[in-house]
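One structure is given here, and the rest of the page talks about it.
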There are 2 protein chains.
Amino acid sequence: MSLSEMNARERIVAALRSQPVDRPPVWMMRQAGRHLPEYRAVRAGRTFMEVVRTPELAAEVTIQPVRRYGLDAAILFFDILTIPEALGVEVTFPKGVGPRLKPTVQTAEEIIALPAGDVRGSLDYVAGAVRETRRQLGEETALLGFSGAPWTLACYMIEGGSSKSYATIRSMLHRDPKTLGILLDHLADLVIDYLRMQVEAGVDAVQLFDTWAGELRREDYERVVLPSTRRIIDALKSDGTPIVHFAKHPGHLLESSLSAHPTAVGVDWRVDLAHAATRAATVGACVQGNLDPAELFADPAWIRARVREMHAAVGDKTGHVMNLGHGIWPSTPISGVEAFVGAVKELAGG
Amino acid sequence: MSLSEMNARERIVAALRSQPVDRPPVWMMRQAGRHLPEYRAVRAGRTFMEVVRTPELAAEVTIQPVRRYGLDAAILFFDILTIPEALGVEVTFPKGVGPRLKPTVQTAEEIIALPAGDVRGSLDYVAGAVRETRRQLGEETALLGFSGAPWTLACYMIEGGSSKSYATIRSMLHRDPKTLGILLDHLADLVIDYLRMQVEAGVDAVQLFDTWAGELRREDYERVVLPSTRRIIDALKSDGTPIVHFAKHPGHLLESSLSAHPTAVGVDWRVDLAHAATRAATVGACVQGNLDPAELFADPAWIRARVREMHAAVGDKTGHVMNLGHGIWPSTPISGVEAFVGAVKELAGG
């Protein structure tokens, strides 16, 4: 294939595999959703769950940012908290307080008593949304799937929602790491099944989000959390599916993440991108990231300069998927995103 | 002075100045408060504000952990959110939702219109609490004062409370760094006055808490936030007051913090302590920390091993004040704290 004829889908798959591209592909974490007026129009009078459970609506909001900005990939519009549903945990999103999960799972007895869980049965609406999105999106744009990672899913299941310090699960890590390990392993099995279901329905690559991993010391992360994550990465890679591992942290878990050999490592906005690229290259991993979502509020000139800086930081060390270092904020101005995407499209390949 | 006759107060001041000690001194961030049954007894039927504004009660709860555990230092029992009060901002603590500040300060007009603020007038009850605590504590135990750092105070003032991503202030950092700088400078003036008032009333050293600094990229932290922090450190050091700079982050702001030359750098639980000690030594700074508050839930044997590991990590590189890497959690078992403090007291000096 000639680089000059590369389409968006080929561009992102090549970059993830650290193969030559005409320019870095670009998408943004949480690109679909509240920052877009066309999303707010779809949501008017409808609940979040109504949208994600109706394939036509889920596909529409998934495709909206691609249509507006000409991004190289769509990412499925869902929350990371789907897996707990398959375990009979009720997940709700009361306005202004973040997710609420009921019942919580905190004791060894409660963890052992969890059902096996039937991802394909409980979450078949996700597969339906993938198929409908692919149908509408066409064959030339990448479609990405994702899941929360076991640690982050367990954080929500044990705490019952977001938390300031995740004290219950973090104390369990020290009181009873064995039982916590059983929960993480159980979740890993479900995540593998869930991601494979998405691939079968039509996604090109998947991302594993470990939002709360950054709270942990590296030693504890590697001892208790990483084994289940590594198992997911191994399973997807053995299928030939590219997998991006994104954990939110300013760098202290970079080596841990790379030691699990993901296809790409998602890099938080606080990580030095040149350093991350150098380290990722040693295990043949691509880097994805890492503009600070806050920078989308800066002058277009600042944003353009930062895009060039990120491009130079990765250089030809390894593949690079341009992205933010965390999800886009609902208050983000459209003009900031346009400056970001526009600047990426002006770049030369590598 | 012979090391064998060192009292707690001398021990902590010597360690902060990286001078010889018989053993590392020990205290714990947020040591006074909810994890202690004797604190809960004082609070029964009283509000938080009633306790902190009554010198006898404030002194009592400040001293409680020293009495129970034999710690080397008491730290004033207050919230970090005192300065906004001096600016006419109402600070309340509704149960279960964290602090609420009203009115918020978000526009350039609102920032310019803030009153000069009279710390000594508005917060004289803090000086009263310091004097009463010193009276009850005696002369042989250290008493520490503290303040929130300008960035963290501004986070609460601008967002009106805790926030998931501090999007309003972080976008202001990029939209209008100049106005944000004016607010940070104003707050720095007040913090200097506030800390000096505490020193005059009897504290031996002070700590500056920058809880939310870790959300920032190093470049943005150094460009916008560090100048006001540096000014506070310079002012206190020029008075001869030891000052500990604690910012919550897993290491990406360590060099920035050290570049402001604090007497000691507070080290978050996720930072490699040996590395921090090596780097701190290059600017003659002591290190303070960094047991994970979660580890206080582990077996006593684990805790003792970790204390010895931390002691060895610092070695004779520089001074070391044993502490947690973040505030103690309300659910912490007393037995875990006893294991921690007991293990420190078994250590040899350095």
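Identifiers in this document derive from the order of the structure tokens: chains are assigned A, B, ..., residues are numbered from 1 separately in each chain, and ligands are numbered from 1 in order of occurrence.
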
| request: Return as a ChimeraX atom specification the residues belonging to chain A that are within 8 Å of chain B, counting only C-alpha atoms. | output: /A:167,170-172,174-175,215-218,249-252,269-271,292,294-295,297-299,329

Could you write out chain A as a CSV table (one decimal) with C-alpha atoms, in the first residue's frame once it has been least-squares superposed on chain B using every ordered C-alpha pair?
```csv
chain,number,residue,atom,x,y,z
A,1,MET,CA,23.7,18.5,72.7
A,2,SER,CA,24.3,14.8,73.1
A,3,LEU,CA,22.1,12.7,70.7
A,4,SER,CA,21.1,10.4,73.5
A,5,GLU,CA,19.5,13.3,75.4
A,6,MET,CA,17.5,14.6,72.4
A,7,ASN,CA,13.9,15.4,73.0
A,8,ALA,CA,11.1,15.1,70.4
A,9,ARG,CA,11.2,18.8,69.6
A,10,GLU,CA,15.0,18.9,69.1
A,11,ARG,CA,14.8,15.6,67.1
A,12,ILE,CA,12.4,16.9,64.5
A,13,VAL,CA,14.0,20.3,64.1
A,14,ALA,CA,17.4,18.6,63.6
A,15,ALA,CA,16.0,16.1,61.1
A,16,LEU,CA,14.3,18.9,59.1
A,17,ARG,CA,17.7,20.6,58.9
A,18,SER,CA,19.4,17.3,57.9
A,19,GLN,CA,21.4,17.3,61.1
A,20,PRO,CA,22.3,14.2,63.2
A,21,VAL,CA,19.5,12.6,65.2
A,22,ASP,CA,19.2,9.6,67.6
A,23,ARG,CA,16.5,8.1,65.3
A,24,PRO,CA,14.1,9.6,62.7
A,25,PRO,CA,11.3,11.6,64.2
A,26,VAL,CA,7.8,10.5,63.4
A,27,TRP,CA,4.4,12.2,62.9
A,28,MET,CA,1.5,11.5,60.5
A,29,MET,CA,-0.4,13.8,58.2
A,30,ARG,CA,-3.9,14.3,59.5
A,31,GLN,CA,-2.9,12.4,62.7
A,32,ALA,CA,-5.6,14.3,64.7
A,33,GLY,CA,-9.1,13.5,63.9
A,34,ARG,CA,-11.6,10.9,63.0
A,35,HIS,CA,-9.5,7.7,63.3
A,36,LEU,CA,-9.2,8.3,67.0
A,37,PRO,CA,-12.1,7.4,69.4
A,38,GLU,CA,-11.0,10.2,71.7
A,39,TYR,CA,-11.5,12.7,68.9
A,40,ARG,CA,-14.9,11.3,68.1
A,41,ALA,CA,-15.8,11.7,71.7
A,42,VAL,CA,-14.9,15.4,71.6
A,43,ARG,CA,-16.8,15.9,68.4
A,44,ALA,CA,-20.0,14.3,69.7
A,45,GLY,CA,-22.6,17.0,69.6
A,46,ARG,CA,-20.2,19.6,68.4
A,47,THR,CA,-19.5,20.9,64.8
A,48,PHE,CA,-16.0,20.9,63.3
A,49,MET,CA,-16.0,24.7,63.4
A,50,GLU,CA,-16.9,24.8,67.1
A,51,VAL,CA,-13.9,22.6,67.9
A,52,VAL,CA,-11.4,24.5,65.9
A,53,ARG,CA,-12.6,27.9,67.2
A,54,THR,CA,-12.5,26.9,70.8
A,55,PRO,CA,-8.7,27.0,71.8
A,56,GLU,CA,-9.1,24.4,74.6
A,57,LEU,CA,-10.9,22.0,72.3
A,58,ALA,CA,-8.6,22.6,69.4
A,59,ALA,CA,-5.6,22.1,71.6
A,60,GLU,CA,-7.1,18.9,73.1
A,61,VAL,CA,-7.7,17.2,69.7
A,62,THR,CA,-4.3,18.4,68.4
A,63,ILE,CA,-2.6,16.8,71.4
A,64,GLN,CA,-4.6,13.5,71.4
A,65,PRO,CA,-2.5,11.6,68.9
A,66,VAL,CA,0.8,12.7,70.6
A,67,ARG,CA,-0.6,11.4,73.9
A,68,ARG,CA,-1.8,8.1,72.4
A,69,TYR,CA,1.2,7.2,70.2
A,70,GLY,CA,4.1,9.2,71.6
A,71,LEU,CA,4.6,11.0,68.3
A,72,ASP,CA,7.4,13.6,68.0
A,73,ALA,CA,5.2,16.4,66.8
A,74,ALA,CA,1.7,17.7,67.1
A,75,ILE,CA,0.2,19.4,64.1
A,76,LEU,CA,-2.5,22.0,64.5
A,77,PHE,CA,-5.9,20.5,64.0
A,78,PHE,CA,-7.4,22.7,61.3
A,79,ASP,CA,-8.6,22.4,57.7
A,80,ILE,CA,-6.4,23.8,55.0
A,81,LEU,CA,-9.4,26.1,54.0
A,82,THR,CA,-8.9,28.9,56.5
A,83,ILE,CA,-7.4,31.6,54.2
A,84,PRO,CA,-10.6,31.9,52.0
A,85,GLU,CA,-12.5,32.8,55.1
A,86,ALA,CA,-10.2,35.9,55.5
A,87,LEU,CA,-11.3,36.9,52.0
A,88,GLY,CA,-15.0,36.8,52.9
A,89,VAL,CA,-15.6,33.4,51.3
A,90,GLU,CA,-17.9,31.2,53.4
A,91,VAL,CA,-16.5,27.7,53.9
A,92,THR,CA,-18.9,24.9,55.0
A,93,PHE,CA,-18.5,21.1,55.4
A,94,PRO,CA,-21.8,19.5,54.5
A,95,LYS,CA,-21.8,15.8,55.6
A,96,GLY,CA,-20.4,13.5,52.9
A,97,VAL,CA,-19.7,15.9,50.1
A,98,GLY,CA,-16.5,17.6,51.1
A,99,PRO,CA,-16.0,21.4,51.5
A,100,ARG,CA,-18.3,23.9,49.9
A,101,LEU,CA,-17.1,27.5,49.3
A,102,LYS,CA,-19.4,30.4,48.5
A,103,PRO,CA,-19.3,32.6,46.6
A,104,THR,CA,-16.9,31.1,44.0
A,105,VAL,CA,-14.4,33.4,42.3
A,106,GLN,CA,-14.1,32.7,38.6
A,107,THR,CA,-13.8,35.8,36.5
A,108,ALA,CA,-11.1,38.4,36.2
A,109,GLU,CA,-13.5,40.9,37.7
A,110,GLU,CA,-14.2,38.7,40.7
A,111,ILE,CA,-10.5,38.1,41.3
A,112,ILE,CA,-9.6,41.7,41.1
A,113,ALA,CA,-12.5,42.6,43.4
A,114,LEU,CA,-11.3,40.3,46.2
A,115,PRO,CA,-10.6,42.3,49.4
A,116,ALA,CA,-7.0,42.6,50.6
A,117,GLY,CA,-7.9,40.3,53.5
A,118,ASP,CA,-6.9,40.6,57.1
A,119,VAL,CA,-5.5,37.2,58.2
A,120,ARG,CA,-4.5,38.3,61.7
A,121,GLY,CA,-7.9,39.8,62.3
A,122,SER,CA,-10.0,37.0,60.7
A,123,LEU,CA,-7.9,34.1,61.8
A,124,ASP,CA,-6.7,35.1,65.3
A,125,TYR,CA,-8.5,32.1,66.7
A,126,VAL,CA,-5.8,30.0,65.0
A,127,ALA,CA,-3.1,31.9,67.0
A,128,GLY,CA,-5.2,31.3,70.1
A,129,ALA,CA,-5.2,27.6,69.4
A,130,VAL,CA,-1.5,27.6,68.9
A,131,ARG,CA,-0.8,29.3,72.2
A,132,GLU,CA,-3.1,27.0,74.1
A,133,THR,CA,-1.7,23.9,72.4
A,134,ARG,CA,1.9,25.0,73.3
A,135,ARG,CA,0.9,25.6,76.9
A,136,GLN,CA,-0.7,22.1,77.2
A,137,LEU,CA,2.0,20.3,75.1
A,138,GLY,CA,5.0,21.6,77.0
A,139,GLU,CA,8.3,22.5,75.6
A,140,GLU,CA,9.7,19.1,74.7
A,141,THR,CA,7.4,18.1,71.8
A,142,ALA,CA,7.4,19.9,68.4
A,143,LEU,CA,4.3,21.8,67.3
A,144,LEU,CA,3.8,22.2,63.5
A,145,GLY,CA,1.7,24.8,61.7
A,146,PHE,CA,0.5,24.7,58.2
A,147,SER,CA,-1.4,26.2,55.3
A,148,GLY,CA,-2.9,25.2,52.0
A,149,ALA,CA,-0.7,26.4,49.1
A,150,PRO,CA,-2.0,29.1,46.8
A,151,TRP,CA,-2.8,26.6,43.9
A,152,THR,CA,-4.8,24.3,46.1
A,153,LEU,CA,-6.6,27.2,47.8
A,154,ALA,CA,-7.4,28.7,44.4
A,155,CYS,CA,-8.7,25.2,43.2
A,156,TYR,CA,-11.3,25.3,46.0
A,157,MET,CA,-12.2,29.0,45.6
A,158,ILE,CA,-12.7,28.7,41.8
A,159,GLU,CA,-14.4,25.3,41.7
A,160,GLY,CA,-16.4,25.9,44.9
A,161,GLY,CA,-15.3,22.6,46.4
A,162,SER,CA,-13.6,19.4,45.4
A,163,SER,CA,-13.9,18.5,41.8
A,164,LYS,CA,-13.1,15.5,39.5
A,165,SER,CA,-10.8,17.3,37.1
A,166,TYR,CA,-10.6,20.9,38.4
A,167,ALA,CA,-11.7,21.9,34.8
A,168,THR,CA,-12.6,25.5,35.6
A,169,ILE,CA,-9.2,26.5,37.1
A,170,ARG,CA,-7.2,24.3,34.8
A,171,SER,CA,-8.9,25.8,31.8
A,172,MET,CA,-8.3,29.3,33.3
A,173,LEU,CA,-4.6,28.4,33.5
A,174,HIS,CA,-4.6,28.2,29.7
A,175,ARG,CA,-7.2,30.8,28.9
A,176,ASP,CA,-6.0,33.5,31.3
A,177,PRO,CA,-2.8,32.6,33.2
A,178,LYS,CA,-2.2,36.3,34.0
A,179,THR,CA,-5.4,36.6,36.1
A,180,LEU,CA,-4.8,33.3,37.7
A,181,GLY,CA,-1.3,34.5,38.6
A,182,ILE,CA,-2.9,37.6,40.3
A,183,LEU,CA,-5.0,35.3,42.5
A,184,LEU,CA,-2.1,33.0,43.4
A,185,ASP,CA,0.1,36.0,44.3
A,186,HIS,CA,-2.7,37.5,46.5
A,187,LEU,CA,-3.1,34.1,48.2
A,188,ALA,CA,0.7,33.8,48.7
A,189,ASP,CA,0.8,37.2,50.6
A,190,LEU,CA,-2.0,35.9,52.9
A,191,VAL,CA,-0.3,32.5,53.4
A,192,ILE,CA,3.0,34.2,54.4
A,193,ASP,CA,1.2,36.4,56.9
A,194,TYR,CA,-0.8,33.4,58.2
A,195,LEU,CA,2.3,31.1,58.7
A,196,ARG,CA,4.2,33.9,60.4
A,197,MET,CA,1.3,34.4,62.7
A,198,GLN,CA,1.5,30.7,63.6
A,199,VAL,CA,5.2,30.9,64.2
A,200,GLU,CA,4.9,34.0,66.5
A,201,ALA,CA,2.2,32.1,68.4
A,202,GLY,CA,4.6,29.1,69.0
A,203,VAL,CA,4.9,26.6,66.1
A,204,ASP,CA,8.4,25.2,65.4
A,205,ALA,CA,8.0,24.6,61.7
A,206,VAL,CA,5.3,24.8,59.0
A,207,GLN,CA,4.1,22.7,56.2
A,208,LEU,CA,2.6,23.9,52.9
A,209,PHE,CA,0.0,21.5,51.5
A,210,ASP,CA,-0.4,21.6,47.7
A,211,THR,CA,-2.9,18.7,47.4
A,212,TRP,CA,-4.0,19.4,43.8
A,213,ALA,CA,-0.6,20.4,42.3
A,214,GLY,CA,-0.3,16.8,41.0
A,215,GLU,CA,-3.0,17.4,38.4
A,216,LEU,CA,-0.7,19.7,36.4
A,217,ARG,CA,2.0,19.1,33.8
A,218,ARG,CA,5.4,19.9,35.2
A,219,GLU,CA,5.8,22.8,32.7
A,220,ASP,CA,2.5,24.4,33.6
A,221,TYR,CA,3.2,23.9,37.3
A,222,GLU,CA,6.6,25.6,37.1
A,223,ARG,CA,5.3,28.4,34.8
A,224,VAL,CA,2.1,29.4,36.7
A,225,VAL,CA,2.0,27.8,40.2
A,226,LEU,CA,5.6,27.6,41.5
A,227,PRO,CA,6.4,31.3,41.6
A,228,SER,CA,3.9,32.0,44.4
A,229,THR,CA,5.0,28.9,46.3
A,230,ARG,CA,8.6,29.8,46.0
A,231,ARG,CA,7.8,33.3,47.5
A,232,ILE,CA,6.3,31.6,50.5
A,233,ILE,CA,9.2,29.3,51.0
A,234,ASP,CA,11.7,32.2,50.7
A,235,ALA,CA,9.8,34.3,53.2
A,236,LEU,CA,9.6,31.6,55.9
A,237,LYS,CA,13.2,30.5,55.3
A,238,SER,CA,14.4,34.1,55.6
A,239,ASP,CA,12.8,34.2,59.0
A,240,GLY,CA,14.7,31.0,60.0
A,241,THR,CA,11.5,28.9,60.1
A,242,PRO,CA,11.8,25.4,58.6
A,243,ILE,CA,9.2,24.8,55.9
A,244,VAL,CA,8.1,21.5,54.5
A,245,HIS,CA,6.6,21.5,50.9
A,246,PHE,CA,4.2,18.7,50.3
A,247,ALA,CA,2.5,18.4,46.9
A,248,LYS,CA,0.5,15.2,46.2
A,249,HIS,CA,1.9,13.6,43.1
A,250,PRO,CA,3.8,10.3,42.2
A,251,GLY,CA,7.0,12.1,41.4
A,252,HIS,CA,6.7,14.2,38.3
A,253,LEU,CA,6.9,17.5,40.3
A,254,LEU,CA,9.8,16.4,42.6
A,255,GLU,CA,12.4,18.4,40.8
A,256,SER,CA,10.1,21.4,40.6
A,257,SER,CA,9.5,21.3,44.3
A,258,LEU,CA,13.2,20.9,45.1
A,259,SER,CA,14.0,23.9,42.8
A,260,ALA,CA,12.1,26.1,45.3
A,261,HIS,CA,14.6,24.9,48.1
A,262,PRO,CA,12.2,24.0,50.9
A,263,THR,CA,13.8,22.9,54.2
A,264,ALA,CA,12.1,19.5,53.6
A,265,VAL,CA,10.1,17.9,50.8
A,266,GLY,CA,7.0,15.9,51.7
A,267,VAL,CA,7.0,12.7,49.6
A,268,ASP,CA,3.8,11.1,48.4
A,269,TRP,CA,3.4,7.3,48.9
A,270,ARG,CA,3.9,6.6,45.2
A,271,VAL,CA,7.4,8.2,45.0
A,272,ASP,CA,10.5,6.0,45.2
A,273,LEU,CA,11.9,7.2,48.5
A,274,ALA,CA,15.6,6.4,47.8
A,275,HIS,CA,15.4,8.4,44.6
A,276,ALA,CA,13.7,11.3,46.4
A,277,ALA,CA,16.4,11.3,49.1
A,278,THR,CA,19.2,11.3,46.6
A,279,ARG,CA,17.6,14.2,44.7
A,280,ALA,CA,16.7,16.2,47.9
A,281,ALA,CA,20.3,15.8,49.1
A,282,THR,CA,21.5,17.8,46.1
A,283,VAL,CA,19.8,20.9,47.5
A,284,GLY,CA,20.3,20.1,51.2
A,285,ALA,CA,16.6,19.3,51.7
A,286,CYS,CA,15.3,16.7,54.2
A,287,VAL,CA,12.7,14.2,53.0
A,288,GLN,CA,9.4,13.5,54.8
A,289,GLY,CA,7.3,10.4,54.2
A,290,ASN,CA,6.1,8.1,52.7
A,291,LEU,CA,4.2,5.1,53.9
A,292,ASP,CA,1.0,4.5,52.0
A,293,PRO,CA,-2.0,5.2,54.3
A,294,ALA,CA,-3.4,1.9,53.0
A,295,GLU,CA,-0.4,0.0,54.4
A,296,LEU,CA,-1.6,0.8,58.0
A,297,PHE,CA,-4.3,-1.9,57.3
A,298,ALA,CA,-1.6,-4.6,56.6
A,299,ASP,CA,-0.1,-7.0,59.1
A,300,PRO,CA,2.2,-5.4,61.8
A,301,ALA,CA,5.0,-7.5,60.3
A,302,TRP,CA,4.5,-5.9,56.9
A,303,ILE,CA,4.4,-2.4,58.4
A,304,ARG,CA,7.6,-3.0,60.4
A,305,ALA,CA,9.4,-4.3,57.3
A,306,ARG,CA,8.3,-1.2,55.3
A,307,VAL,CA,9.6,1.1,58.0
A,308,ARG,CA,13.0,-0.5,57.9
A,309,GLU,CA,12.9,-0.4,54.1
A,310,MET,CA,12.1,3.4,54.2
A,311,HIS,CA,14.8,4.0,56.7
A,312,ALA,CA,17.3,2.1,54.5
A,313,ALA,CA,16.1,4.0,51.4
A,314,VAL,CA,17.0,7.3,52.9
A,315,GLY,CA,20.1,6.0,54.7
A,316,ASP,CA,22.6,8.8,55.4
A,317,LYS,CA,21.8,10.6,52.2
A,318,THR,CA,19.8,13.4,53.9
A,319,GLY,CA,17.5,14.1,56.9
A,320,HIS,CA,14.3,12.0,57.2
A,321,VAL,CA,11.1,12.7,59.0
A,322,MET,CA,9.0,9.5,59.1
A,323,ASN,CA,5.5,10.1,58.0
A,324,LEU,CA,2.8,8.8,55.7
A,325,GLY,CA,2.7,9.7,52.1
A,326,HIS,CA,-0.7,11.2,52.5
A,327,GLY,CA,-3.2,11.9,55.3
A,328,ILE,CA,-4.3,9.0,57.5
A,329,TRP,CA,-7.8,7.6,56.7
A,330,PRO,CA,-10.6,7.7,59.2
A,331,SER,CA,-11.1,3.9,59.0
A,332,THR,CA,-7.5,3.2,60.0
A,333,PRO,CA,-7.0,0.6,62.8
A,334,ILE,CA,-5.2,1.9,65.8
A,335,SER,CA,-3.0,-1.3,65.8
A,336,GLY,CA,-1.6,-0.3,62.4
A,337,VAL,CA,-0.5,3.1,63.7
A,338,GLU,CA,1.0,1.5,66.8
A,339,ALA,CA,3.0,-0.9,64.6
A,340,PHE,CA,4.2,2.0,62.5
A,341,VAL,CA,5.2,4.3,65.3
A,342,GLY,CA,6.7,1.4,67.3
A,343,ALA,CA,8.8,0.4,64.4
A,344,VAL,CA,10.2,3.9,63.9
A,345,LYS,CA,11.2,4.0,67.6
A,346,GLU,CA,13.2,0.9,67.2
A,347,LEU,CA,15.4,2.4,64.5
A,348,ALA,CA,18.9,3.7,65.1
A,349,GLY,CA,19.9,7.3,64.3
A,350,GLY,CA,21.7,8.7,61.3
```

| DSSP says strand (DSSP E or B) for which residues of region 109-284 of chain A? Put them as a ChimeraX atom specification? | /A:142-148,161,205-210,243-247,264-266

| query | Could you pull out all residues of region 200-252 of chain B with a DSSP call of alpha helix (DSSP H) and give them as a PyMOL selection string? | reply | chain B and resi 200-201+218-220+226-239
